[in-house]
>>> print(open('target-v2.cif').read())   # mmCIF, C-alpha atoms and all ligand atoms
data_run
loop_
_atom_site.label_atom_id
_atom_site.label_comp_id
_atom_site.auth_asym_id
_atom_site.auth_seq_id
_atom_site.Cartn_x
_atom_site.Cartn_y
_atom_site.Cartn_z
CA MET A 1186 16.52 -11.84 21.38
CA PRO A 1187 13.61 -10.82 19.08
CA GLY A 1188 14.08 -10.45 15.34
CA THR A 1189 14.77 -12.59 12.32
CA THR A 1190 17.81 -14.26 10.85
CA ALA A 1191 18.03 -11.83 7.88
CA SER A 1192 21.34 -9.95 7.59
CA PRO A 1193 21.69 -6.74 9.59
CA TRP A 1194 21.85 -3.42 7.73
CA SER A 1195 25.13 -1.50 7.87
CA ALA A 1196 23.58 1.91 8.34
CA PRO A 1197 25.62 4.68 6.67
CA THR A 1198 27.71 7.29 8.45
CA ALA A 1199 27.62 10.85 7.09
CA SER A 1200 30.96 11.79 5.57
CA GLY A 1201 30.14 15.52 5.72
CA ALA A 1202 27.26 17.95 5.87
CA LEU A 1203 24.09 16.53 4.33
CA ASP A 1204 22.37 18.07 1.30
CA ALA A 1205 19.31 16.15 0.12
CA THR A 1206 15.64 16.33 -0.74
CA VAL A 1207 13.48 13.45 0.45
CA ARG A 1208 9.93 12.31 -0.08
CA VAL A 1209 8.27 10.10 2.50
CA PRO A 1210 5.16 7.95 1.99
CA GLY A 1211 1.63 8.69 3.21
CA SER A 1212 0.65 8.91 6.85
CA LYS A 1213 -0.19 5.57 8.45
CA SER A 1214 -2.59 7.19 10.88
CA ILE A 1215 -4.44 9.17 8.20
CA THR A 1216 -4.47 6.29 5.70
CA ASN A 1217 -5.97 3.81 8.15
CA ARG A 1218 -8.56 6.30 9.42
CA ALA A 1219 -9.54 7.22 5.84
CA TYR A 1220 -9.88 3.52 4.96
CA VAL A 1221 -12.15 2.87 7.96
CA LEU A 1222 -14.37 5.89 7.33
CA ALA A 1223 -14.52 5.11 3.59
CA ALA A 1224 -15.63 1.56 4.39
CA LEU A 1225 -18.37 2.96 6.65
CA SER A 1226 -19.55 5.43 4.00
CA ARG A 1227 -22.58 5.07 1.74
CA GLN A 1228 -20.60 5.54 -1.48
CA PRO A 1229 -17.09 4.65 -2.70
CA THR A 1230 -14.18 6.89 -1.67
CA LEU A 1231 -11.02 7.43 -3.69
CA VAL A 1232 -8.18 7.62 -1.15
CA ARG A 1233 -5.36 9.45 -2.90
CA LYS A 1234 -1.67 8.69 -2.23
CA PRO A 1235 -2.33 6.43 0.76
CA LEU A 1236 0.48 4.62 2.54
CA ASP A 1237 1.36 1.20 1.13
CA SER A 1238 3.02 -0.71 3.98
CA ARG A 1239 2.40 -3.67 6.24
CA ASP A 1240 -0.02 -1.77 8.52
CA ALA A 1241 -1.96 -0.29 5.61
CA ARG A 1242 -2.26 -3.68 3.90
CA LEU A 1243 -3.42 -5.24 7.16
CA MET A 1244 -6.17 -2.61 7.32
CA LEU A 1245 -7.24 -3.35 3.74
CA GLY A 1246 -7.19 -7.08 4.56
CA ALA A 1247 -9.39 -6.49 7.60
CA LEU A 1248 -11.91 -4.42 5.63
CA THR A 1249 -12.02 -7.04 2.88
CA ALA A 1250 -12.67 -9.79 5.45
CA LEU A 1251 -15.49 -7.65 6.86
CA GLY A 1252 -17.23 -7.24 3.47
CA GLY A 1253 -15.51 -4.26 1.87
CA SER A 1254 -13.20 -4.08 -1.10
CA ALA A 1255 -10.24 -2.03 -2.29
CA ASP A 1256 -8.98 -1.44 -5.83
CA ALA A 1257 -5.56 0.05 -6.43
CA ARG A 1258 -5.52 2.73 -9.18
CA ASP A 1259 -1.97 3.98 -9.79
CA ASP A 1260 -1.02 5.72 -6.52
CA ASP A 1261 -4.61 5.77 -5.27
CA VAL A 1262 -6.99 3.23 -3.73
CA LEU A 1263 -10.75 3.09 -4.30
CA ILE A 1264 -12.57 1.81 -1.21
CA GLN A 1265 -16.05 0.33 -1.53
CA PRO A 1266 -18.41 0.54 1.44
CA LEU A 1267 -18.78 -2.53 3.67
CA ARG A 1268 -21.53 -4.81 2.37
CA PRO A 1269 -21.47 -7.56 4.94
CA GLN A 1270 -22.81 -10.74 3.33
CA GLY A 1271 -22.99 -14.30 4.58
CA THR A 1272 -22.83 -15.58 8.11
CA GLU A 1273 -19.86 -17.94 8.10
CA PRO A 1274 -16.98 -17.04 10.47
CA VAL A 1275 -14.03 -15.01 9.15
CA GLN A 1276 -10.65 -13.98 10.51
CA VAL A 1277 -8.93 -10.62 10.71
CA ALA A 1278 -5.11 -10.56 10.81
CA LEU A 1279 -3.81 -7.80 13.08
CA GLY A 1280 -0.05 -8.20 12.62
CA ASN A 1281 1.28 -5.69 15.15
CA ALA A 1282 -0.85 -2.81 13.90
CA GLY A 1283 -2.42 -0.87 16.77
CA THR A 1284 -4.76 0.94 14.38
CA VAL A 1285 -6.12 -2.32 12.93
CA ALA A 1286 -6.46 -4.00 16.34
CA ARG A 1287 -8.25 -1.01 17.89
CA PHE A 1288 -10.28 0.39 14.96
CA THR A 1289 -11.79 -2.75 13.37
CA PRO A 1290 -13.53 -4.75 16.16
CA ALA A 1291 -16.43 -2.25 16.23
CA LEU A 1292 -16.83 -2.77 12.47
CA ALA A 1293 -17.26 -6.49 13.08
CA GLY A 1294 -20.04 -5.65 15.54
CA LEU A 1295 -21.89 -3.91 12.70
CA GLY A 1296 -21.91 -7.12 10.62
CA SER A 1297 -23.54 -10.50 11.16
CA ARG A 1298 -20.64 -12.92 11.45
CA ALA A 1299 -18.29 -14.26 14.05
CA VAL A 1300 -14.95 -12.55 13.42
CA LEU A 1301 -11.76 -13.90 15.00
CA PHE A 1302 -9.08 -11.24 15.63
CA ASP A 1303 -5.47 -12.29 16.16
CA GLY A 1304 -1.97 -11.26 15.11
CA ASP A 1305 1.70 -11.26 16.05
CA GLU A 1306 2.81 -12.33 19.54
CA ALA A 1307 3.47 -8.63 20.26
CA ILE A 1308 -0.14 -7.52 19.63
CA ARG A 1309 -1.34 -10.08 22.19
CA ARG A 1310 0.65 -8.14 24.79
CA ARG A 1311 -0.51 -4.66 23.79
CA PRO A 1312 -3.37 -3.05 25.77
CA ILE A 1313 -6.91 -3.30 24.42
CA ALA A 1314 -9.07 -4.49 27.38
CA PRO A 1315 -10.65 -1.06 28.13
CA LEU A 1316 -11.82 -0.81 24.51
CA LEU A 1317 -13.27 -4.33 24.51
CA ARG A 1318 -15.09 -3.50 27.77
CA ALA A 1319 -16.54 -0.29 26.28
CA LEU A 1320 -17.69 -2.11 23.15
CA THR A 1321 -19.32 -4.76 25.33
CA ASP A 1322 -21.06 -1.99 27.29
CA LEU A 1323 -22.35 -0.62 23.96
CA GLY A 1324 -23.95 -3.99 23.17
CA VAL A 1325 -21.23 -5.77 21.15
CA GLU A 1326 -20.81 -9.49 21.91
CA ILE A 1327 -17.10 -10.25 22.41
CA ASP A 1328 -15.62 -13.55 23.47
CA ASP A 1329 -12.04 -13.16 24.72
CA GLU A 1330 -12.11 -15.97 27.30
CA GLY A 1331 -11.29 -13.40 29.96
CA ARG A 1332 -7.93 -12.47 28.38
CA GLY A 1333 -8.78 -8.86 27.53
CA ALA A 1334 -6.41 -9.32 24.57
CA PRO A 1335 -6.20 -11.06 21.19
CA PRO A 1336 -7.18 -13.66 20.18
CA PHE A 1337 -10.83 -12.66 20.63
CA THR A 1338 -14.03 -13.15 18.66
CA VAL A 1339 -16.62 -10.48 17.91
CA ARG A 1340 -20.06 -11.94 17.16
CA GLY A 1341 -21.92 -9.44 14.99
CA HIS A 1342 -25.71 -9.17 15.29
CA GLY A 1343 -26.31 -6.81 12.39
CA GLY A 1344 -25.69 -3.49 14.16
CA ILE A 1345 -24.66 -1.67 17.31
CA THR A 1346 -27.13 0.33 19.36
CA GLY A 1347 -24.51 2.70 20.77
CA GLY A 1348 -25.30 5.42 23.30
CA LYS A 1349 -23.35 6.46 26.41
CA VAL A 1350 -20.23 4.72 27.59
CA GLU A 1351 -17.31 5.32 29.95
CA LEU A 1352 -13.78 4.67 28.69
CA ASP A 1353 -10.32 4.66 30.22
CA SER A 1354 -8.13 5.61 27.27
CA SER A 1355 -4.99 6.36 29.29
CA ALA A 1356 -3.03 3.41 27.86
CA SER A 1357 -3.72 4.38 24.25
CA SER A 1358 -5.56 7.19 22.48
CA GLN A 1359 -6.56 4.60 19.88
CA PHE A 1360 -9.33 3.25 22.18
CA LEU A 1361 -11.09 6.60 22.03
CA SER A 1362 -10.42 7.03 18.30
CA ALA A 1363 -11.92 3.58 17.69
CA LEU A 1364 -15.25 4.47 19.33
CA LEU A 1365 -15.41 7.89 17.65
CA LEU A 1366 -14.66 6.53 14.15
CA ALA A 1367 -17.39 3.88 14.40
CA GLY A 1368 -19.81 6.15 16.31
CA PRO A 1369 -21.66 7.61 13.26
CA SER A 1370 -22.61 4.04 12.27
CA PHE A 1371 -24.14 3.14 15.66
CA ALA A 1372 -27.97 3.44 15.74
CA SER A 1373 -27.85 6.06 18.53
CA GLY A 1374 -24.39 7.43 17.79
CA VAL A 1375 -21.97 7.42 20.70
CA THR A 1376 -21.21 9.52 23.75
CA VAL A 1377 -17.86 8.66 25.33
CA ARG A 1378 -17.03 9.91 28.81
CA LEU A 1379 -13.32 9.58 29.56
CA VAL A 1380 -12.39 8.30 33.00
CA GLY A 1381 -8.91 7.76 34.45
CA ASP A 1382 -5.78 9.62 33.35
CA ALA A 1383 -5.84 11.71 30.17
CA PRO A 1384 -5.16 9.80 26.95
CA PRO A 1385 -1.76 10.26 25.31
CA SER A 1386 -1.34 11.39 21.70
CA GLU A 1387 -3.78 14.32 21.71
CA PRO A 1388 -2.97 15.20 18.05
CA HIS A 1389 -4.18 11.74 17.01
CA ILE A 1390 -7.52 12.46 18.72
CA ALA A 1391 -7.72 15.77 16.84
CA MET A 1392 -6.92 13.83 13.66
CA THR A 1393 -9.86 11.48 14.32
CA LEU A 1394 -12.24 14.43 14.82
CA ASP A 1395 -10.90 16.14 11.68
CA LEU A 1396 -11.36 13.05 9.51
CA LEU A 1397 -14.85 12.46 10.90
CA ARG A 1398 -15.84 16.02 9.93
CA ARG A 1399 -14.44 15.60 6.42
CA PHE A 1400 -16.63 12.52 5.98
CA GLY A 1401 -19.71 14.51 7.09
CA ALA A 1402 -19.98 13.58 10.77
CA ALA A 1403 -20.49 16.21 13.48
CA PRO A 1404 -18.41 15.18 16.51
CA GLU A 1405 -18.53 17.42 19.58
CA ARG A 1406 -16.15 17.61 22.48
CA SER A 1407 -16.76 19.05 25.89
CA GLY A 1408 -13.95 18.43 28.37
CA PRO A 1409 -13.73 14.67 28.96
CA GLU A 1410 -16.93 13.99 26.98
CA PHE A 1411 -17.12 13.30 23.25
CA HIS A 1412 -20.36 12.99 21.32
CA VAL A 1413 -20.73 11.67 17.75
CA PRO A 1414 -24.31 11.60 16.43
CA ALA A 1415 -25.46 8.84 14.07
CA THR A 1416 -24.69 10.10 10.54
CA SER A 1417 -24.57 8.72 7.04
CA LEU A 1418 -20.94 9.27 5.98
CA SER A 1419 -19.64 10.14 2.54
CA LEU A 1420 -16.59 11.68 0.87
CA ALA A 1421 -15.82 11.15 -2.81
CA GLU A 1422 -12.06 11.77 -2.64
CA TYR A 1423 -9.47 12.34 0.05
CA ALA A 1424 -5.69 12.97 -0.31
CA VAL A 1425 -3.38 11.57 2.39
CA GLU A 1426 -0.54 13.78 3.72
CA PRO A 1427 3.05 12.52 3.90
CA ASP A 1428 3.78 10.79 7.23
CA LEU A 1429 5.54 13.30 9.47
CA SER A 1430 6.52 10.64 12.02
CA THR A 1431 8.19 8.70 9.21
CA ALA A 1432 9.82 12.01 8.25
CA ALA A 1433 11.19 12.41 11.79
CA PRO A 1434 14.55 10.64 11.29
CA PHE A 1435 15.15 12.67 8.10
CA ALA A 1436 14.17 15.89 9.87
CA VAL A 1437 16.63 15.34 12.74
CA ALA A 1438 19.41 14.11 10.41
CA ALA A 1439 20.44 17.67 9.55
CA ALA A 1440 20.75 18.51 13.25
CA VAL A 1441 22.90 15.42 13.84
CA ALA A 1442 25.17 15.60 10.80
CA GLY A 1443 24.87 19.28 9.83
CA GLY A 1444 23.73 20.45 6.39
CA THR A 1445 20.33 20.83 4.79
CA ILE A 1446 17.48 18.38 4.36
CA ARG A 1447 14.32 19.26 2.45
CA ILE A 1448 11.22 17.18 3.08
CA GLU A 1449 8.75 17.47 0.21
CA GLY A 1450 5.06 18.01 0.78
CA TRP A 1451 5.22 18.81 4.52
CA PRO A 1452 1.70 20.22 5.01
CA GLU A 1453 1.21 23.82 6.12
CA HIS A 1454 -1.69 22.77 8.35
CA THR A 1455 -1.97 19.32 9.86
CA THR A 1456 -3.10 17.37 12.91
CA GLN A 1457 -0.08 15.03 12.71
CA PRO A 1458 2.09 14.91 15.86
CA GLY A 1459 5.24 15.04 13.72
CA ASP A 1460 4.60 18.72 12.97
CA TRP A 1461 5.87 19.41 16.52
CA LEU A 1462 9.39 18.63 15.21
CA ARG A 1463 9.51 22.10 13.65
CA SER A 1464 9.31 23.77 17.04
CA LEU A 1465 11.60 21.20 18.67
CA LEU A 1466 14.34 21.71 16.09
CA THR A 1467 14.02 25.49 16.32
CA GLU A 1468 14.23 25.29 20.12
CA LEU A 1469 17.37 23.18 19.75
CA GLY A 1470 19.03 25.90 17.66
CA GLN A 1471 18.43 24.47 14.16
CA ARG A 1472 16.58 26.26 11.34
CA ALA A 1473 13.24 24.87 10.15
CA GLU A 1474 11.55 26.74 7.29
CA LEU A 1475 8.13 25.73 6.02
CA ASP A 1476 6.75 26.89 2.67
CA ALA A 1477 4.22 25.63 0.14
CA THR A 1478 6.66 23.01 -1.21
CA GLY A 1479 7.73 21.50 2.10
CA LEU A 1480 10.04 21.81 5.09
CA THR A 1481 13.73 22.74 4.89
CA ILE A 1482 15.90 21.99 7.90
CA THR A 1483 19.35 23.44 8.17
CA GLY A 1484 21.30 21.94 11.02
CA THR A 1485 24.38 22.86 12.94
CA GLY A 1486 25.46 19.45 14.20
CA GLU A 1487 25.38 20.99 17.68
CA ILE A 1488 22.52 20.00 19.97
CA PRO A 1489 21.83 21.24 23.50
CA GLY A 1490 20.39 18.92 26.16
CA ALA A 1491 16.64 19.26 26.73
CA ARG A 1492 13.81 18.33 29.08
CA LEU A 1493 10.90 17.16 26.94
CA ASP A 1494 7.41 15.94 27.86
CA LEU A 1495 6.43 13.75 24.90
CA HIS A 1496 3.00 12.64 26.18
CA GLU A 1497 1.27 14.13 23.13
CA VAL A 1498 3.81 12.93 20.57
CA GLY A 1499 4.94 9.60 22.04
CA GLU A 1500 5.59 7.86 18.73
CA LEU A 1501 8.46 10.32 18.08
CA THR A 1502 10.34 9.15 21.20
CA PRO A 1503 12.78 6.64 19.62
CA VAL A 1504 14.06 9.17 17.07
CA VAL A 1505 14.18 12.04 19.59
CA ALA A 1506 16.07 9.82 22.07
CA ALA A 1507 18.63 9.00 19.37
CA LEU A 1508 19.01 12.72 18.58
CA LEU A 1509 19.58 13.59 22.24
CA CYS A 1510 22.41 11.05 22.51
CA PHE A 1511 24.45 13.67 20.58
CA ALA A 1512 23.51 16.59 22.84
CA ASP A 1513 26.19 18.53 24.69
CA GLY A 1514 24.51 17.84 28.05
CA PRO A 1515 22.00 15.54 29.76
CA SER A 1516 18.34 15.29 28.70
CA VAL A 1517 15.15 13.93 30.24
CA ILE A 1518 12.17 12.60 28.27
CA SER A 1519 8.95 12.30 30.32
CA GLY A 1520 5.23 11.61 29.86
CA VAL A 1521 5.62 8.40 27.87
CA ALA A 1522 5.01 5.50 30.29
CA HIS A 1523 2.47 4.21 27.73
CA LEU A 1524 5.35 3.40 25.36
CA ARG A 1525 5.80 0.20 27.39
CA GLY A 1526 2.67 -0.97 25.50
CA HIS A 1527 3.78 0.01 21.99
CA GLU A 1528 5.26 -2.32 19.33
CA THR A 1529 7.68 -3.41 22.07
CA ASP A 1530 8.44 -1.95 25.50
CA ARG A 1531 10.14 1.04 23.87
CA LEU A 1532 11.54 2.48 27.09
CA ALA A 1533 13.31 -0.78 27.96
CA ALA A 1534 14.46 -1.31 24.37
CA LEU A 1535 15.88 2.22 24.03
CA ALA A 1536 17.62 2.13 27.42
CA THR A 1537 19.20 -1.25 26.55
CA GLU A 1538 20.24 -0.53 22.98
CA LEU A 1539 21.45 3.07 23.43
CA SER A 1540 23.44 2.04 26.52
CA ALA A 1541 24.94 -0.92 24.65
CA LEU A 1542 26.47 1.55 22.17
CA GLY A 1543 27.96 3.63 24.99
CA ALA A 1544 25.38 6.33 25.88
CA GLY A 1545 24.21 6.66 29.49
CA VAL A 1546 20.49 5.95 29.15
CA THR A 1547 18.24 4.78 31.96
CA GLU A 1548 14.51 4.28 32.27
CA THR A 1549 12.55 6.56 34.58
CA GLU A 1550 8.99 5.92 35.75
CA ASP A 1551 7.58 7.67 32.67
CA GLY A 1552 10.45 8.12 30.25
CA LEU A 1553 14.21 8.16 29.79
CA ALA A 1554 17.20 9.95 31.30
CA ILE A 1555 19.92 10.43 28.69
CA THR A 1556 23.51 11.31 29.53
CA PRO A 1557 25.52 11.57 26.31
CA ALA A 1558 28.89 9.78 26.19
CA PRO A 1559 31.18 8.68 23.37
CA MET A 1560 29.38 5.94 21.41
CA HIS A 1561 30.87 3.05 19.47
CA ARG A 1562 30.11 0.46 16.82
CA GLY A 1563 27.84 -2.47 17.56
CA LEU A 1564 24.68 -4.40 16.70
CA PHE A 1565 21.47 -2.47 17.41
CA HIS A 1566 18.55 -4.82 18.14
CA THR A 1567 15.19 -3.61 16.82
CA TYR A 1568 12.60 -5.78 18.63
CA ASP A 1569 10.33 -5.90 15.55
CA ASP A 1570 9.80 -2.14 15.94
CA HIS A 1571 9.98 0.07 12.83
CA ARG A 1572 10.84 3.16 14.86
CA LEU A 1573 13.88 1.47 16.39
CA VAL A 1574 15.27 0.94 12.87
CA MET A 1575 14.78 4.66 12.28
CA ALA A 1576 16.42 5.57 15.60
CA ALA A 1577 19.43 3.36 14.80
CA ALA A 1578 19.82 5.05 11.40
CA VAL A 1579 20.04 8.44 13.15
CA LEU A 1580 22.77 7.13 15.48
CA ALA A 1581 24.76 5.68 12.60
CA LEU A 1582 25.08 9.13 11.00
CA ARG A 1583 27.78 9.91 13.58
CA ILE A 1584 28.84 6.44 14.77
CA PRO A 1585 30.66 4.28 12.21
CA GLY A 1586 29.88 0.57 12.35
CA VAL A 1587 26.27 0.52 13.57
CA GLU A 1588 24.65 -2.70 12.36
CA VAL A 1589 20.85 -2.69 12.47
CA GLU A 1590 19.22 -6.03 13.16
CA ASN A 1591 16.15 -7.03 11.09
CA PRO A 1592 15.86 -3.79 9.06
CA ALA A 1593 12.86 -5.17 7.15
CA THR A 1594 10.67 -4.60 10.20
CA VAL A 1595 10.61 -0.92 9.16
CA GLY A 1596 8.10 -2.06 6.49
CA LYS A 1597 5.35 -1.56 9.09
CA THR A 1598 5.26 2.06 7.91
CA PHE A 1599 7.99 2.60 5.27
CA PRO A 1600 9.17 -0.40 3.22
CA GLY A 1601 11.58 1.83 1.25
CA PHE A 1602 13.21 3.37 4.32
CA THR A 1603 16.76 2.01 4.04
CA ALA A 1604 17.05 2.88 0.34
CA THR A 1605 15.74 6.43 0.88
CA TRP A 1606 18.03 6.87 3.89
CA GLN A 1607 21.10 5.72 1.96
CA SER A 1608 20.43 8.08 -0.90
CA MET A 1609 19.95 10.94 1.59
CA VAL A 1610 23.42 10.21 2.95
CA GLY A 1611 24.77 10.01 -0.60
CA GLU A 1612 25.20 6.22 -0.82
CA ASN A 1613 23.74 4.04 -3.51
CA ALA A 1614 21.01 1.79 -2.10
O1 LIG B 1 -4.29 6.75 16.30
C1 LIG B 1 -3.18 6.58 15.76
O2 LIG B 1 -3.06 6.50 14.53
C2 LIG B 1 -1.98 6.47 16.61
C3 LIG B 1 -2.04 6.87 17.93
C4 LIG B 1 -0.90 6.76 18.84
O3 LIG B 1 -1.12 5.63 19.66
P1 LIG B 1 -1.02 5.67 21.29
O4 LIG B 1 -2.01 6.70 21.75
O5 LIG B 1 -1.35 4.28 21.67
O6 LIG B 1 0.40 6.06 21.60
C5 LIG B 1 0.42 6.59 18.09
O7 LIG B 1 1.46 6.30 18.98
C6 LIG B 1 0.28 5.52 17.02
O8 LIG B 1 1.49 5.37 16.34
C7 LIG B 1 -0.76 5.92 16.00
C1 LIG B 2 2.72 3.06 18.20
C2 LIG B 2 2.82 2.91 16.87
O1 LIG B 2 2.05 2.13 16.07
P1 LIG B 2 0.61 1.47 16.20
O2 LIG B 2 -0.23 2.09 15.14
O3 LIG B 2 0.82 0.01 15.96
O4 LIG B 2 0.08 1.75 17.58
C3 LIG B 2 3.86 3.65 16.09
O5 LIG B 2 3.77 3.62 14.84
O6 LIG B 2 4.76 4.25 16.68
#
>>> encode(input="target-v2.cif", output="structure tokens")
Amino acid sequence: MPGTTASPWSAPTASGALDATVRVPGSKSITNRAYVLAALSRQPTLVRKPLDSRDARLMLGALTALGGSADARDDDVLIQPLRPQGTEPVQVALGNAGTVARFTPALAGLGSRAVLFDGDEAIRRRPIAPLLRALTDLGVEIDDEGRGAPPFTVRGHGGITGGKVELDSSASSQFLSALLLAGPSFASGVTVRLVGDAPPSEPHIAMTLDLLRRFGAAPERSGPEFHVPATSLSLAEYAVEPDLSTAAPFAVAAAVAGGTIRIEGWPEHTTQPGDWLRSLLTELGQRAELDATGLTITGTGEIPGARLDLHEVGELTPVVAALLCFADGPSVISGVAHLRGHETDRLAALATELSALGAGVTETEDGLAITPAPMHRGLFHTYDDHRLVMAAAVLALRIPGVEVENPATVGKTFPGFTATWQSMVGENA
């Protein structure tokens, strides 16, 4: 069984209706995009209130290895542009961060070194071959010994010509985002023509285009074709929004336990997929009110079954699946076959762990079928997946005695999760 030998976390059960205000850290997806674009800019960028977590630190480590630098200033981080110097080989540690694994190889192609990319066992199993093929087609020299997966070496030759390329981004939207983020720095820009099934996670593609525009690029999209002209990027300062996918377990907590949860700083306009939770919760009969200070969710504790296509918001699946275990009828989640290539095979992990606690959960070809049933205490395995820790916390609100294995793995995106969760429920951390 995956995981570490650290003690499990006894996740708290709600003793009554919830009443709490919570603040979640910065968005992983925005932070790591802002860091990449800042490193590719011609002048330093002050990234305000970025996420500080394992994935964000891995991104800073990668940029430092590639010739950039980052200085923490209170809650902010000043990123210096990449100044690749020297020719000796370096290494980039990927951990299990999809954004680092997918976004940084192109940056190595812009430098003049051999850069070895490798990380956790799990990242070696996650899809990346279509991206490596597209980078190769754009003139980047990559040696992966035919694996199409880490470990692989990018041999930089001082720049990337760029131009037109075909890409199958159906296994992960991050392949497309990777080419678009680096595109302004290619000599001829980049034109990506998507082939194969549509990429998942459409909001994350919109996020990439939004961030590119803020840094001065002019991406264009026409059906399956994306064009990013060569541009000199720059943005003096950029403030990161709170992470709405990290906010997801807090947002659904009021629906599960009843009561009111306020999430500070929920943006009024955003490209984050987590914003879809407002319409989901409303559709499920809860109240979600957004104003300039944040989002207030008032829940009933009663949840109807639902049929949900989560193709665009796949990373919310673990928390939504946990929520639907408390519905008053069956539910079906579809459109998320690609979750088999996330931090772990999330469909298998959720079917196994939710069933082990008593729910009727089975895998379908592209999702989960959930038949609620009385659930009971037990150890919830987390497969080194932060979002499984969050899903288990949601279950524990109504099931006494849920023990969460390896809670520290939540540090991928929110190192303070268990303490914040306990204070939301009214327990001392
Ligand atoms: O670009 C991004 O920041 C992300 C895109 C999505 O990846 P997939 O398209 O691989 O699901 C999402 O699940 C991941 O958590 C973050
Ligand atoms: C899929 C996820 O992460 P990654 O950025 O590693 O792809 C996630 O956070 O749910």
>>> residues_near_ligand(input="target-v2.cif", ligand="ligand LIG 1 (chain B)", cutoff="6 Å", atoms="only C-alpha atoms and all ligand atoms", output="PDB file with C-alpha atoms, keeping the file's coordinate frame")
ATOM      1  CA  SER A1214      -2.590   7.190  10.880  1.00  0.00           C
ATOM      2  CA  THR A1284      -4.760   0.940  14.380  1.00  0.00           C
ATOM      3  CA  SER A1357      -3.720   4.380  24.250  1.00  0.00           C
ATOM      4  CA  SER A1358      -5.560   7.190  22.480  1.00  0.00           C
ATOM      5  CA  GLN A1359      -6.560   4.600  19.880  1.00  0.00           C
ATOM      6  CA  PRO A1385      -1.760  10.260  25.310  1.00  0.00           C
ATOM      7  CA  SER A1386      -1.340  11.390  21.700  1.00  0.00           C
ATOM      8  CA  HIS A1389      -4.180  11.740  17.010  1.00  0.00           C
ATOM      9  CA  GLY A1499       4.940   9.600  22.040  1.00  0.00           C
ATOM     10  CA  GLU A1500       5.590   7.860  18.730  1.00  0.00           C
TER      11      GLU A1500
END
>>> residues_near_ligand(input="target-v2.cif", ligand="ligand LIG 2 (chain B)", cutoff="9 Å", atoms="all atoms listed in the file", output="ChimeraX atom specification")
/A:1213-1214,1240,1280-1287,1308,1311,1357,1359,1430-1431,1499-1503,1524,1526-1528,1570-1572,1597-1598
>>> write_last_selection(input="target-v2.cif", atoms="C-alpha atoms", output="tab-separated table (two decimals), in the coordinates of the input")
chain	number	residue	atom	x	y	z
A	1213	LYS	CA	-0.19	5.57	8.45
A	1214	SER	CA	-2.59	7.19	10.88
A	1240	ASP	CA	-0.02	-1.77	8.52
A	1280	GLY	CA	-0.05	-8.20	12.62
A	1281	ASN	CA	1.28	-5.69	15.15
A	1282	ALA	CA	-0.85	-2.81	13.90
A	1283	GLY	CA	-2.42	-0.87	16.77
A	1284	THR	CA	-4.76	0.94	14.38
A	1285	VAL	CA	-6.12	-2.32	12.93
A	1286	ALA	CA	-6.46	-4.00	16.34
A	1287	ARG	CA	-8.25	-1.01	17.89
A	1308	ILE	CA	-0.14	-7.52	19.63
A	1311	ARG	CA	-0.51	-4.66	23.79
A	1357	SER	CA	-3.72	4.38	24.25
A	1359	GLN	CA	-6.56	4.60	19.88
A	1430	SER	CA	6.52	10.64	12.02
A	1431	THR	CA	8.19	8.70	9.21
A	1499	GLY	CA	4.94	9.60	22.04
A	1500	GLU	CA	5.59	7.86	18.73
A	1501	LEU	CA	8.46	10.32	18.08
A	1502	THR	CA	10.34	9.15	21.20
A	1503	PRO	CA	12.78	6.64	19.62
A	1524	LEU	CA	5.35	3.40	25.36
A	1526	GLY	CA	2.67	-0.97	25.50
A	1527	HIS	CA	3.78	0.01	21.99
A	1528	GLU	CA	5.26	-2.32	19.33
A	1570	ASP	CA	9.80	-2.14	15.94
A	1571	HIS	CA	9.98	0.07	12.83
A	1572	ARG	CA	10.84	3.16	14.86
A	1597	LYS	CA	5.35	-1.56	9.09
A	1598	THR	CA	5.26	2.06	7.91
>>> atom_distance(input="target-v2.cif", atom1="CA of Gly1401 in chain A", atom2="CA of Leu1243 in chain A")
25.6 Å
>>> closest_residue(input="target-v2.cif", among="A:Asp1204, A:Glu1330, A:Asp1261, A:Glu1273", to="Glu1422 in chain A", atoms="only C-alpha atoms")
A:Asp1261
>>> closest_residue(input="target-v2.cif", among="A:Thr1198, A:Thr1603, A:Thr1249, A:Ser1254", to="Arg1562 in chain A", atoms="only C-alpha atoms")
A:Thr1198
>>> atom_distance(input="target-v2.cif", atom1="CA of Ala1196 in chain A", atom2="CA of Ala1536 in chain A")
20.0 Å
>>> closest_residue(input="target-v2.cif", among="A:Arg1583, A:Arg1227, A:His1561, A:Arg1378", to="Ser1540 in chain A", atoms="only C-alpha atoms")
A:His1561
>>> closest_residue(input="target-v2.cif", among="A:Leu1301, A:Leu1352, A:Ala1219, A:Ala1440", to="Tyr1423 in chain A", atoms="only C-alpha atoms")
A:Ala1219
>>> closest_atom_pairs(input="target-v2.cif", of="range 1201-1258 of chain A", to="range 1479-1485 of chain A", cutoff="10 Å", atoms="all atoms listed in the file", output="JSON lines")
{"residue": "A:Ala1202", "atom": "CA", "partner": "A:Gly1484", "partner_atom": "CA", "distance": 8.8}
{"residue": "A:Leu1203", "atom": "CA", "partner": "A:Gly1484", "partner_atom": "CA", "distance": 9.0}
{"residue": "A:Asp1204", "atom": "CA", "partner": "A:Thr1483", "partner_atom": "CA", "distance": 9.2}
{"residue": "A:Ala1205", "atom": "CA", "partner": "A:Thr1481", "partner_atom": "CA", "distance": 9.9}
{"residue": "A:Thr1206", "atom": "CA", "partner": "A:Thr1481", "partner_atom": "CA", "distance": 8.7}
{"residue": "A:Arg1208", "atom": "CA", "partner": "A:Gly1479", "partner_atom": "CA", "distance": 9.7}
